[in-house]
Structures are given as structure tokens and as C-alpha cells.
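*Asks:* Sharing my_file.cif below, mmCIF, C-alpha atoms:
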```cif
data_entry
loop_
_atom_site.label_atom_id
_atom_site.label_comp_id
_atom_site.auth_asym_id
_atom_site.auth_seq_id
_atom_site.Cartn_x
_atom_site.Cartn_y
_atom_site.Cartn_z
CA PHE B 8 -10.90 69.59 3.03
CA GLU B 9 -11.69 70.96 6.48
CA GLY B 10 -15.08 72.38 5.59
CA PRO B 11 -18.30 70.42 6.17
CA GLU B 12 -19.06 70.51 2.48
CA PHE B 13 -16.13 68.11 1.88
CA ASP B 14 -17.36 65.41 4.29
CA PRO B 15 -19.13 63.41 1.55
CA VAL B 16 -15.95 63.48 -0.56
CA ILE B 17 -13.79 62.25 2.34
CA GLU B 18 -16.25 59.45 3.16
CA GLU B 19 -16.29 58.36 -0.46
CA VAL B 20 -12.48 58.27 -0.54
CA ARG B 21 -12.46 56.24 2.70
CA ARG B 22 -14.99 53.80 1.32
CA VAL B 23 -13.00 53.24 -1.86
CA LEU B 24 -9.66 52.83 -0.09
CA SER B 25 -11.03 50.51 2.62
CA SER B 26 -12.97 48.07 0.42
CA GLY B 27 -12.02 45.58 -2.24
CA PRO B 28 -8.99 43.28 -2.59
CA ASP B 29 -7.22 45.76 -4.88
CA GLY B 30 -7.48 48.61 -2.41
CA ALA B 31 -4.68 49.74 -0.14
CA LEU B 32 -4.20 47.98 3.21
CA MET B 33 -5.34 50.74 5.56
CA LYS B 34 -4.39 50.66 9.21
CA ARG B 35 -7.19 51.18 11.70
CA TRP B 36 -5.70 54.42 13.02
CA SER B 37 -5.24 55.85 9.53
CA PHE B 38 -7.18 58.93 8.54
CA PHE B 39 -8.62 57.15 5.51
CA HIS B 40 -9.73 54.02 7.42
CA SER B 41 -13.47 53.61 7.62
CA ASN B 42 -15.88 50.89 8.75
CA VAL B 43 -18.60 52.30 6.56
CA GLY B 44 -19.08 50.80 3.12
CA GLU B 45 -19.16 47.43 1.47
CA PRO B 46 -17.70 44.48 3.44
CA PRO B 47 -14.14 43.65 2.40
CA LEU B 48 -13.58 40.69 0.10
CA SER B 49 -10.29 39.76 1.78
CA VAL B 50 -8.53 40.20 5.09
CA SER B 51 -4.92 40.21 6.11
CA ALA B 52 -3.07 37.16 7.35
CA ALA B 53 -2.85 38.66 10.84
CA ALA B 54 -6.65 39.01 11.02
CA ALA B 55 -7.15 35.47 9.70
CA ALA B 56 -4.63 34.17 12.26
CA ARG B 57 -6.57 35.83 15.10
CA VAL B 58 -9.82 34.27 13.91
CA LEU B 59 -8.34 30.77 13.44
CA GLY B 60 -6.06 30.88 16.48
CA GLN B 61 -2.97 30.24 14.36
CA LYS B 62 0.32 31.90 13.61
CA HIS B 63 0.85 34.30 10.74
CA THR B 64 3.23 31.83 9.09
CA SER B 65 0.66 29.03 9.44
CA VAL B 66 -1.88 31.09 7.51
CA ALA B 67 0.68 31.66 4.75
CA GLN B 68 1.37 27.91 4.65
CA SER B 69 -2.37 27.18 4.48
CA ILE B 70 -2.62 29.50 1.47
CA ALA B 71 0.28 27.68 -0.20
CA ASP B 72 -1.30 24.27 0.54
CA GLY B 73 -4.68 25.33 -0.82
CA LYS B 74 -6.56 25.07 2.48
CA LEU B 75 -7.27 28.80 2.34
CA VAL B 76 -7.96 30.83 -0.78
CA GLY B 77 -5.85 33.97 -0.97
CA GLU B 78 -2.87 35.66 -2.53
CA SER B 79 0.53 37.02 -1.61
CA ARG B 80 1.71 40.43 -2.77
CA LEU B 81 4.75 42.60 -2.21
CA MET B 82 4.07 45.63 -0.01
CA GLY B 83 7.28 47.64 -0.15
CA ARG B 84 10.03 45.50 1.38
CA ARG B 85 7.74 42.91 2.91
CA ARG B 86 5.28 40.36 1.59
CA ALA B 87 1.66 40.59 2.68
CA HIS B 88 -0.81 37.70 2.57
CA LEU B 89 -4.50 38.25 1.86
CA VAL B 90 -7.19 35.66 2.60
CA THR B 91 -10.63 35.82 1.06
CA VAL B 92 -13.46 36.23 3.53
CA GLU B 93 -15.39 33.36 1.94
CA SER B 94 -12.59 30.81 2.45
CA LEU B 95 -11.98 32.11 5.97
CA GLN B 96 -15.65 31.65 6.84
CA ARG B 97 -15.56 28.16 5.33
CA ALA B 98 -12.54 27.27 7.48
CA VAL B 99 -14.32 28.60 10.57
CA ASP B 100 -17.41 26.52 9.78
CA ASP B 101 -15.32 23.37 9.24
CA ARG B 102 -13.57 23.97 12.53
CA ALA B 103 -16.91 24.39 14.29
CA GLN B 104 -18.02 20.96 12.99
CA SER B 105 -14.88 19.22 14.33
CA ILE B 106 -13.76 18.39 17.85
CA VAL B 107 -10.41 17.85 19.55
CA ALA B 108 -9.07 14.48 20.70
CA GLY B 109 -10.14 15.07 24.30
CA SER B 110 -13.78 15.62 23.29
CA ALA B 111 -13.69 12.55 21.05
CA ALA B 112 -12.31 10.52 23.96
CA ARG B 113 -15.18 11.65 26.23
CA ILE B 114 -17.77 10.81 23.58
CA LEU B 115 -16.38 7.31 22.99
CA GLY B 116 -15.53 6.60 26.63
CA VAL B 117 -11.77 6.01 26.28
CA SER B 118 -8.55 7.94 26.86
CA GLN B 119 -6.82 10.29 24.42
CA PHE B 120 -4.08 7.69 23.97
CA GLN B 121 -6.66 5.28 22.50
CA ILE B 122 -7.94 8.02 20.18
CA GLU B 123 -4.39 8.44 18.91
CA SER B 124 -4.13 4.67 18.32
CA PHE B 125 -7.45 4.80 16.42
CA ARG B 126 -6.00 7.55 14.24
CA ARG B 127 -2.78 5.66 13.53
CA CYS B 128 -4.54 2.45 12.45
CA GLY B 129 -7.09 4.34 10.30
CA LEU B 130 -10.24 3.86 12.36
CA LEU B 131 -10.67 7.64 12.65
CA LEU B 132 -9.64 10.15 9.98
CA PRO B 133 -8.30 13.41 11.47
CA GLN B 134 -7.91 16.99 10.30
CA ARG B 135 -4.49 18.31 11.20
CA GLU B 136 -4.33 22.01 12.01
CA ALA B 137 -1.39 24.18 13.02
CA GLN B 138 -2.23 25.99 16.23
CA ARG B 139 -0.34 28.84 17.85
CA PHE B 140 1.94 26.65 19.95
CA LYS B 141 1.46 23.11 18.62
CA ARG B 142 -0.13 20.98 15.91
CA GLU B 143 -3.30 19.20 16.90
CA TYR B 144 -5.60 16.67 15.30
CA ARG B 145 -9.30 17.42 15.10
CA PHE B 146 -12.02 14.95 14.17
CA ARG B 147 -15.26 15.64 12.34
CA MET B 148 -18.46 14.80 14.17
CA GLU B 149 -19.67 12.96 11.07
CA ASP B 150 -16.75 10.52 11.34
CA ILE B 151 -17.34 10.03 15.09
CA GLU B 152 -21.04 9.33 14.50
CA SER B 153 -20.21 6.92 11.66
CA PHE B 154 -17.79 5.09 13.98
CA ILE B 155 -20.46 4.82 16.70
CA ASN B 156 -23.21 3.71 14.31
CA GLY B 157 -20.93 1.08 12.75
CA LEU B 158 -20.23 -0.52 16.12
CA ALA B 159 -23.90 -0.33 17.10
CA ASP B 160 -24.98 -2.08 13.90
CA LEU B 161 -22.51 -4.92 14.43
CA SER B 162 -23.51 -5.50 18.06
CA SER B 163 -26.19 -7.93 19.15
CA HIS B 164 -28.30 -7.43 22.29
CA SER B 165 -27.57 -10.08 24.85
CA LEU B 166 -27.17 -10.54 28.57
CA VAL B 167 -23.53 -10.32 29.60
CA ASP B 168 -21.93 -12.22 32.47
CA GLY B 169 -18.52 -12.59 34.07
CA ASN B 170 -17.08 -14.06 30.86
CA HIS B 171 -17.57 -10.77 28.99
CA ILE B 172 -15.35 -7.69 29.22
CA ARG B 173 -16.33 -4.11 28.48
CA LEU B 174 -14.54 -2.59 25.49
CA SER B 175 -13.51 0.47 27.45
CA ASP B 176 -11.83 -1.82 30.04
CA VAL B 177 -9.78 -3.79 27.49
CA PRO B 178 -6.63 -1.56 27.78
CA ALA B 179 -6.47 -2.19 31.54
CA TYR B 180 -5.87 -5.94 31.03
CA ARG B 181 -2.79 -5.36 28.81
CA HIS B 182 -3.45 -8.53 26.80
CA ALA B 183 -4.83 -7.03 23.59
CA ARG B 184 -4.83 -3.68 21.80
CA LEU B 185 -8.20 -2.00 21.73
CA SER B 186 -7.58 -0.65 18.22
CA ASP B 187 -6.76 -4.14 16.87
CA LEU B 188 -9.80 -5.59 18.61
CA ILE B 189 -12.13 -2.96 17.10
CA ALA B 190 -10.57 -3.52 13.69
CA ASP B 191 -11.34 -7.24 14.06
CA ILE B 192 -14.91 -6.32 15.02
CA PHE B 193 -15.37 -4.31 11.83
CA ARG B 194 -13.91 -7.22 9.81
CA GLY B 195 -16.35 -9.61 11.45
CA ALA B 196 -13.69 -11.73 13.16
CA VAL B 197 -14.83 -10.81 16.68
CA LYS B 198 -18.42 -10.73 17.94
CA VAL B 199 -19.50 -7.80 20.07
CA PHE B 200 -22.47 -7.74 22.45
CA CYS B 201 -24.55 -4.86 23.76
CA ASP B 202 -25.79 -5.04 27.32
CA SER B 203 -29.56 -4.72 27.34
CA GLU B 204 -29.47 -3.13 30.77
CA SER B 205 -27.01 -0.37 29.83
CA LYS B 206 -28.19 3.21 29.36
CA VAL B 207 -28.25 4.78 25.92
CA SER B 208 -26.67 7.96 27.34
CA GLU B 209 -23.44 6.09 28.17
CA PRO B 210 -20.53 6.16 25.69
CA ILE B 211 -20.61 3.46 23.04
CA LEU B 212 -17.45 1.67 24.19
CA LYS B 213 -18.83 1.39 27.73
CA ARG B 214 -22.02 -0.27 26.47
CA LEU B 215 -20.36 -2.91 24.29
CA PHE B 216 -18.80 -6.16 25.52
CA VAL B 217 -16.67 -8.95 24.03
CA HIS B 218 -16.03 -12.45 25.28
CA ARG B 219 -12.90 -12.76 27.40
CA ASP B 220 -11.57 -15.51 25.12
CA PHE B 221 -10.92 -12.92 22.40
CA ILE B 222 -8.64 -11.04 24.81
CA PHE B 223 -6.82 -13.78 26.72
CA GLY B 224 -5.99 -15.89 23.67
CA SER B 225 -8.31 -18.90 23.92
CA GLN B 226 -11.02 -18.30 21.39
CA ARG B 227 -13.10 -21.41 20.66
CA SER B 228 -13.86 -22.15 17.02
CA ASP B 229 -15.40 -25.40 15.71
CA GLY B 230 -14.63 -27.22 18.95
CA ASN B 231 -10.91 -26.42 18.68
CA ILE B 232 -9.12 -24.05 21.02
CA LEU B 233 -7.16 -21.32 19.24
CA LEU B 234 -4.10 -19.94 21.00
CA GLY B 235 -2.12 -16.77 20.62
CA VAL B 236 1.60 -16.67 19.86
CA LYS B 237 2.59 -16.15 23.50
CA ALA B 238 0.33 -18.94 24.75
CA ALA B 239 1.64 -21.41 22.16
CA ALA B 240 5.25 -20.48 22.92
CA ARG B 241 4.60 -20.92 26.63
CA GLN B 242 3.21 -24.42 26.15
CA LEU B 243 6.06 -25.50 23.85
CA ARG B 244 8.70 -23.75 26.01
CA LEU B 245 10.01 -21.88 22.99
CA SER B 246 10.59 -18.24 22.16
CA THR B 247 7.79 -16.31 20.49
CA ARG B 248 9.84 -15.80 17.30
CA MET B 249 9.81 -19.59 16.72
CA ILE B 250 5.99 -19.84 16.48
CA PRO B 251 5.56 -18.02 13.11
CA ILE B 252 8.51 -20.00 11.73
CA LEU B 253 6.93 -23.29 12.80
CA VAL B 254 3.61 -22.23 11.26
CA LYS B 255 5.31 -21.29 8.00
CA ALA B 256 7.06 -24.69 7.93
CA LYS B 257 3.68 -26.39 8.58
CA CYS B 258 4.84 -27.80 11.90
CA LEU B 259 1.91 -25.98 13.52
CA ASP B 260 -1.56 -25.30 12.15
CA ALA B 261 -2.92 -21.76 12.15
CA VAL B 262 -6.30 -20.28 11.25
CA GLY B 263 -6.51 -16.92 9.51
CA GLU B 264 -4.26 -14.86 7.30
CA GLN B 265 -0.51 -14.66 7.84
CA SER B 266 1.55 -11.73 6.56
CA GLY B 267 5.28 -12.42 6.82
CA ASN B 268 6.16 -13.38 10.37
CA ASN B 269 2.99 -11.82 11.85
CA LEU B 270 0.13 -14.07 12.91
CA SER B 271 -3.38 -12.90 13.60
CA LYS B 272 -4.75 -12.91 17.13
CA CYS B 273 -5.74 -16.37 18.48
CA SER B 274 -4.80 -18.32 15.35
CA VAL B 275 -2.63 -21.32 16.42
CA THR B 276 -4.65 -24.49 17.02
CA SER B 277 -4.13 -26.26 20.33
CA THR B 278 -4.27 -29.73 18.71
CA SER B 279 -1.19 -28.99 16.60
CA VAL B 280 0.61 -27.62 19.66
CA THR B 281 -0.16 -30.81 21.58
CA ALA B 282 0.95 -33.05 18.70
CA PHE B 283 4.17 -31.11 18.05
CA ARG B 284 6.25 -32.97 20.65
CA SER B 285 5.37 -36.36 19.23
CA GLN B 286 6.00 -35.38 15.60
CA PHE B 287 9.02 -33.05 15.75
CA VAL B 288 12.17 -32.63 17.83
CA LEU B 289 14.60 -29.72 18.20
CA ALA B 290 18.38 -29.92 17.91
CA ARG B 291 18.96 -28.39 21.33
CA GLU B 292 16.69 -31.00 22.93
CA LEU B 293 18.65 -33.83 21.27
CA ALA B 294 21.93 -32.27 22.36
CA LYS B 295 20.71 -31.95 25.94
CA THR B 296 19.39 -35.53 26.02
CA HIS B 297 22.59 -37.11 24.66
CA ALA B 298 25.04 -34.70 26.41
CA THR B 299 26.54 -33.35 23.21
CA SER B 300 26.43 -30.18 21.13
CA THR B 301 23.96 -29.09 18.46
CA ARG B 302 26.82 -28.90 15.96
CA ALA B 303 27.61 -32.56 16.49
CA ILE B 304 23.93 -33.44 16.03
CA GLY B 305 23.80 -31.44 12.81
CA ASP B 306 26.99 -32.96 11.43
CA ARG B 307 25.78 -36.49 12.14
CA ALA B 308 22.38 -35.76 10.55
CA ARG B 309 24.00 -34.35 7.40
CA ALA B 310 26.29 -37.35 7.20
CA ALA B 311 23.26 -39.65 7.39
CA GLY B 312 21.44 -37.63 4.69
CA ILE B 313 18.67 -36.41 6.99
CA LYS B 314 17.32 -32.99 6.07
CA PRO B 315 15.80 -30.79 8.80
CA VAL B 316 12.37 -29.22 8.48
CA ILE B 317 13.82 -25.93 9.75
CA ARG B 318 17.51 -25.14 9.46
CA SER B 319 19.37 -23.66 12.41
CA ASN B 320 20.31 -19.99 12.45
CA THR B 321 22.52 -19.00 15.36
CA ARG B 322 22.32 -15.32 14.45
CA ARG B 323 18.55 -15.29 14.85
CA GLY B 324 18.54 -17.82 17.68
CA ILE B 325 16.67 -20.51 15.70
CA SER B 326 17.30 -24.16 16.50
CA ALA B 327 17.04 -26.84 13.83
CA VAL B 328 13.87 -28.96 13.79
CA TRP B 329 13.64 -32.54 12.52
CA ARG B 330 10.82 -35.00 12.14
CA THR B 331 10.77 -37.67 14.82
CA THR B 332 10.38 -40.40 12.20
CA ASP B 333 13.57 -39.23 10.45
CA ILE B 334 15.74 -38.66 13.48
CA VAL B 335 14.95 -42.06 14.96
CA HIS B 336 17.37 -43.63 12.42
CA LEU B 337 20.19 -41.34 13.57
CA ASN B 338 22.82 -43.05 15.76
CA VAL B 339 23.36 -40.17 18.16
CA ARG B 340 25.17 -42.33 20.71
CA SER B 341 28.02 -43.19 18.36
CA THR B 342 28.29 -39.56 17.47
CA THR B 343 28.56 -38.71 21.14
CA ARG B 344 31.29 -41.30 21.74
CA ALA B 345 33.22 -40.15 18.70
CA GLY B 346 32.92 -36.57 19.83
CA LEU B 347 34.13 -37.41 23.33
CA SER B 348 37.07 -39.41 21.98
CA ASN B 349 38.04 -36.53 19.72
CA GLN B 350 37.83 -34.14 22.65
CA ARG B 351 40.06 -36.42 24.75
CA LYS B 352 42.61 -36.64 21.93
CA SER B 353 42.70 -32.87 21.52
CA VAL B 354 43.15 -32.38 25.29
CA ARG B 355 45.99 -34.90 25.41
CA ARG B 356 47.68 -33.27 22.42
CA TYR B 357 47.38 -29.83 24.01
CA CYS B 358 48.81 -31.11 27.31
CA SER B 359 51.77 -32.76 25.62
CA GLU B 360 52.55 -29.63 23.64
CA ASP B 361 52.28 -27.55 26.79
CA ARG B 362 54.74 -29.81 28.63
CA GLN B 363 57.19 -29.54 25.76
CA ARG B 364 57.01 -25.72 25.84
CA ASN B 365 57.62 -25.66 29.59
CA ARG B 366 60.68 -27.90 29.23
CA ALA B 367 62.08 -25.67 26.49
CA LEU B 368 61.64 -22.57 28.68
CA LYS B 369 63.45 -24.24 31.62
CA ARG B 370 66.40 -25.09 29.41
#
```
Represent the structure from my file as C-alpha cells, please.
*Replies:*
Amino acid sequence: FEGPEFDPVIEEVRRVLSSGPDGALMKRWSFFHSNVGEPPLSVSAAAAARVLGQKHTSVAQSIADGKLVGESRLMGRRRAHLVTVESLQRAVDDRAQSIVAGSAARILGVSQFQIESFRRCGLLLPQREAQRFKREYRFRMEDIESFINGLADLSSHSLVDGNHIRLSDVPAYRHARLSDLIADIFRGAVKVFCDSESKVSEPILKRLFVHRDFIFGSQRSDGNILLGVKAAARQLRLSTRMIPILVKAKCLDAVGEQSGNNLSKCSVTSTSVTAFRSQFVLARELAKTHATSTRAIGDRARAAGIKPVIRSNTRRGISAVWRTTDIVHLNVRSTTRAGLSNQRKSVRRYCSEDRQRNRALKR
């Protein structure tokens, strides 16, 4: 085949061996490798990995998951993976239409940490891709634009003052989660305002404002001040875990939905918090007032047939709660005297027994 008359035959053999998915995988330095001819219908996993910036094993996993169309075949003692050019081009186009978390953060005007919180709560839907050294989340520009347009449609143009806070500045106050606040905006529970003097070129979260009451836990609704869990617990001098329990027992009034022991933001009414002290009393407060123990208070209340609104739970740190109208009939003073007399009797008995033991040892 060294003569010039065999050149067309050699080129034809090269074209056949270098094209088509059923042809042999020719190395570039092989004698039969040729760039002339029809474009190949499939490429190797190594070539697809170079184009996508992934590992060879990641391409094989993508084929198994159905993200890439291809096949696996045995080539001697190893297994080769072939990816169709059409699916590879489709993956490249999809990647070109998506952006990384850093770019999404710059477009929205927040940090990458907030983008991750948006992804976890479902505000942004990601595309997870296995890169060469790590797994990253990419976001489609269509989803980013839909997120921006949704906030813009819900905002109303108004002049903002010192009582309004920019959405991009909400994480700096550490009083509310930006993701939860935006979720409330999409549900219609929080009103958002757009500054008429802001530039359109600025990121969307830097142009939108909310009233500071939605962040610091004093949202006004129908002339009643709504408090958060921490604010209500601070006023009642209780732990935060007691507030949902009091709401569930109807000792406090709350506005909004309640799932388990979780209350929505700014839901406890201030009127019920103010009226709680006059309507209910805790066991530890009675014990402190009458210089006795909570167990003695509970025993005396059970003996009198008084049922508490909330039962005590020492394991969870919950104190019993009674109605003031019920506990007023309880003779706590007699209980205290009886308890003190019993304590004195037990001390005297212990002292006498101790003296007897000492005498026996001396003998």
C-alpha cells in the first residue's frame, strides 16, 4: 500500500474506521485515524469529560442516571463509555444557560450563603453537577428571572423612610431569616415596597424594602400588636419553649397557622400576653410566693380536686399552669405549715437516730 495509487483506498479505510458508533475507537496517533469524513455520532467518555469539565467516572454516572445518552461496551479487559454527540451538545447548551451560585448572588444582591438558604427552602431550584474536584449547584437563568419578576410584581412603589429596611440588609440585623421573609412575601403575609428613587440597574433585593416591624417582631394588625416568640417570652419572663405550649392550651392568642410547636413569625397578640398574669399563675410562682416547693403545691391542688391547664413536666422543664379563679380556693398556707411541720419531724427523727448510732459506736 505504499504506492500513490493506494491513497484513495487508505483514506476510505480511515474514514470507515473513524466514523460511526460501531467503528473501532481509533487513537489519534494511529495510522488509521483520520479527521476527514463524516462527523462521529459518539465520543468517548474522556472527550466528554474534557468538554464538560468533569471526571471520567462522573460521565459514566451521568449515562447511568440518564442525563447523558450513551452506552457502555467491553473493550478487551476494560469497559469503555460512549456518549452521543447530540446529548453532549444538549448538556453543553443547558450548562451555558445556567449560572453558578456566585453569579446568582451578584444578580440578586446577596451573599452565596443566602443563595444556599434559598435553595434549601425551595425558592430556587438548582441543577446539581459533578465537577472535577467538587459538586456544585447551578441555577437556570429562567428561574432567576422568574424569582425577580415575582418579587417585582408583588412590590408596590412607595417612598421609604427610616422605618423601612432593605431586603439585602435583613441578614445583618440577625432578627429574621431572609429566606423565611421572602417566603412570607410570596404568600402575601408580608408587604414589600419598591423605592421610587432606586435605579433599575441595581439588584432586585437592594431595591425592595419591608417595614421594620416585620423584622423586629412588632407587626401591627387590626390595631393589635403581634409579638414574636422571643418577645412574648421576654415579657412573661418565661422560656421560649413555653410560648407554643401556652398557645396550644389557649392561654395565649395567636394569629396564623401553627404546625406542632412552631409558631409563625409575629403571631402572638400583645393583649393576651398582658392579660396572662391576671388570668393564669404558674406553680413555680406560687411556690416562690409561699416559700414552699412546686411538689407541695401540686399535691395540695390534686387533693382539692383542682386540675391544671398545663401539667408540669420536669424532664422538659415545663411548670404547671392553673387558672387564677381556680387556685384562689386553694389553701396554700396550710399546705406550707403542714410541709414545714413534716420537715421538722423528719429532721428530729434523723437527729435522734444519729445520736443513737453514735452511742452504739462508743460502746
*Asks:* Tell me, as an MDAnalysis selection string, which residues lie within 10 Å of segment 99-112 of chain B, counting all atoms listed in the file; anything in the same chain fewer than 2 positions away does not count.
*Replies:* chainID B and resid 55 58:59 93:97 114:123 126 133:134 136 143:151 210
*Asks:* For each of B:Asp72, B:Ala240, B:Ile334, B:Ala303, take the minimum atom-to-atom distance to Gln286 of chain B, counting only C-alpha atoms, then give the residue where this is smallest.
*Replies:*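 Among B:Asp72, B:Ala240, B:Ile334, B:Ala303, it is B:Ile334 that comes nearest to Gln286 of chain B.
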*Asks:* Take atom CA of Arg57 of chain B and atom CA of Gly73 of chain B and report the distance between them in Å, one decimal.
*Replies:*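 Atom CA of Arg57 of chain B sits 19.2 Å away from atom CA of Gly73 of chain B.
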*Asks:* Applied to this file, what does the PyMOL selection byres ((chain B and resi 185-191) around 8) return in terms of residues, put as an NGL selection string?
*Replies:* :B and (121 or 124-125 or 128 or 130 or 174 or 177-178 or 183-184 or 192-197)
*Asks:* Rounded to one decimal place, report the atom CA of Leu293 of chain B-atom CA of Leu233 of chain B distance in Å.
*Replies:*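 The value is 28.8 Å.
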*Asks:* List the residues matched by the PyMOL selection byres ((chain B and resi 318) around 10) in the displayed structure as a list of chain:residue names, ordered by chain and then by residue number.
*Replies:* B:Ala290, B:Gly305, B:Lys314, B:Pro315, B:Val316, B:Ile317, B:Ser319, B:Asn320, B:Thr321, B:Ile325, B:Ser326, B:Ala327, B:Val328, B:Trp329
*Asks:* Kindly give the distance, in Å, that separates atom CA of Arg248 of chain B and atom CA of Val275 of chain B, rounded to a single decimal.
*Replies:*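 These two atoms are separated by 13.7 Å.
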*Asks:* Return as a list in words the set of residues that the PyMOL selection byres ((chain B and resi 162) around 6) yields on the displayed structure.
*Replies:*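 When the PyMOL selection byres ((chain B and resi 162) around 6) is applied, the selected residues are Ala159, Asp160, Leu161, Ser163, Val199, Phe200 and Cys201 of chain B.
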*Asks:* Just C-alpha atoms for this one: save the residues we selected as a PDB file, keeping the file's coordinate frame.
*Replies:*
```pdb
ATOM      1  CA  ALA B 159     -23.900  -0.330  17.100  1.00  0.00           C
ATOM      2  CA  ASP B 160     -24.980  -2.080  13.900  1.00  0.00           C
ATOM      3  CA  LEU B 161     -22.510  -4.920  14.430  1.00  0.00           C
ATOM      4  CA  SER B 163     -26.190  -7.930  19.150  1.00  0.00           C
ATOM      5  CA  VAL B 199     -19.500  -7.800  20.070  1.00  0.00           C
ATOM      6  CA  PHE B 200     -22.470  -7.740  22.450  1.00  0.00           C
ATOM      7  CA  CYS B 201     -24.550  -4.860  23.760  1.00  0.00           C
TER       8      CYS B 201
END
```
*Asks:* Counting only C-alpha atoms, find residues at most 9 Å from (8.4, -24.9, 13.7) (file frame) and give them as a PyMOL selection string.
*Replies:* chain B and resi 249-259+283+287+316-317+327-328
*Asks:* Starting from 8 Å padding per side, set up an axis-aligned box that covers all listed atoms of segment 324-332 of chain B and hand over centre and edge lengths in Å, one decimal, as AutoDock Vina command-line options.
*Replies:*
```
--center_x 14.5 --center_y -29.1 --center_z 14.9 --size_x 24.2 --size_y 38.6 --size_z 21.5
```
*Asks:* Neighbourhood query: residues within 7 Å of (-10.1, 64.8, 6.0), file coordinates, counting all atoms listed in the file; return as a VMD selection string.
*Replies:* chain B and resid 8 to 9 17
*Asks:* Env of Ser274 of chain B: 7 Å cut, atoms = only C-alpha atoms, seq-sep filter 6 positions within chain, self excluded. Answer as a PDB file with C-alpha atoms, keeping the file's coordinate frame.
*Replies:*
```
ATOM      1  CA  LEU B 233      -7.160 -21.320  19.240  1.00  0.00           C
ATOM      2  CA  LEU B 234      -4.100 -19.940  21.000  1.00  0.00           C
ATOM      3  CA  GLY B 235      -2.120 -16.770  20.620  1.00  0.00           C
ATOM      4  CA  ALA B 261      -2.920 -21.760  12.150  1.00  0.00           C
ATOM      5  CA  VAL B 262      -6.300 -20.280  11.250  1.00  0.00           C
ATOM      6  CA  GLY B 263      -6.510 -16.920   9.510  1.00  0.00           C
TER       7      GLY B 263
END
```
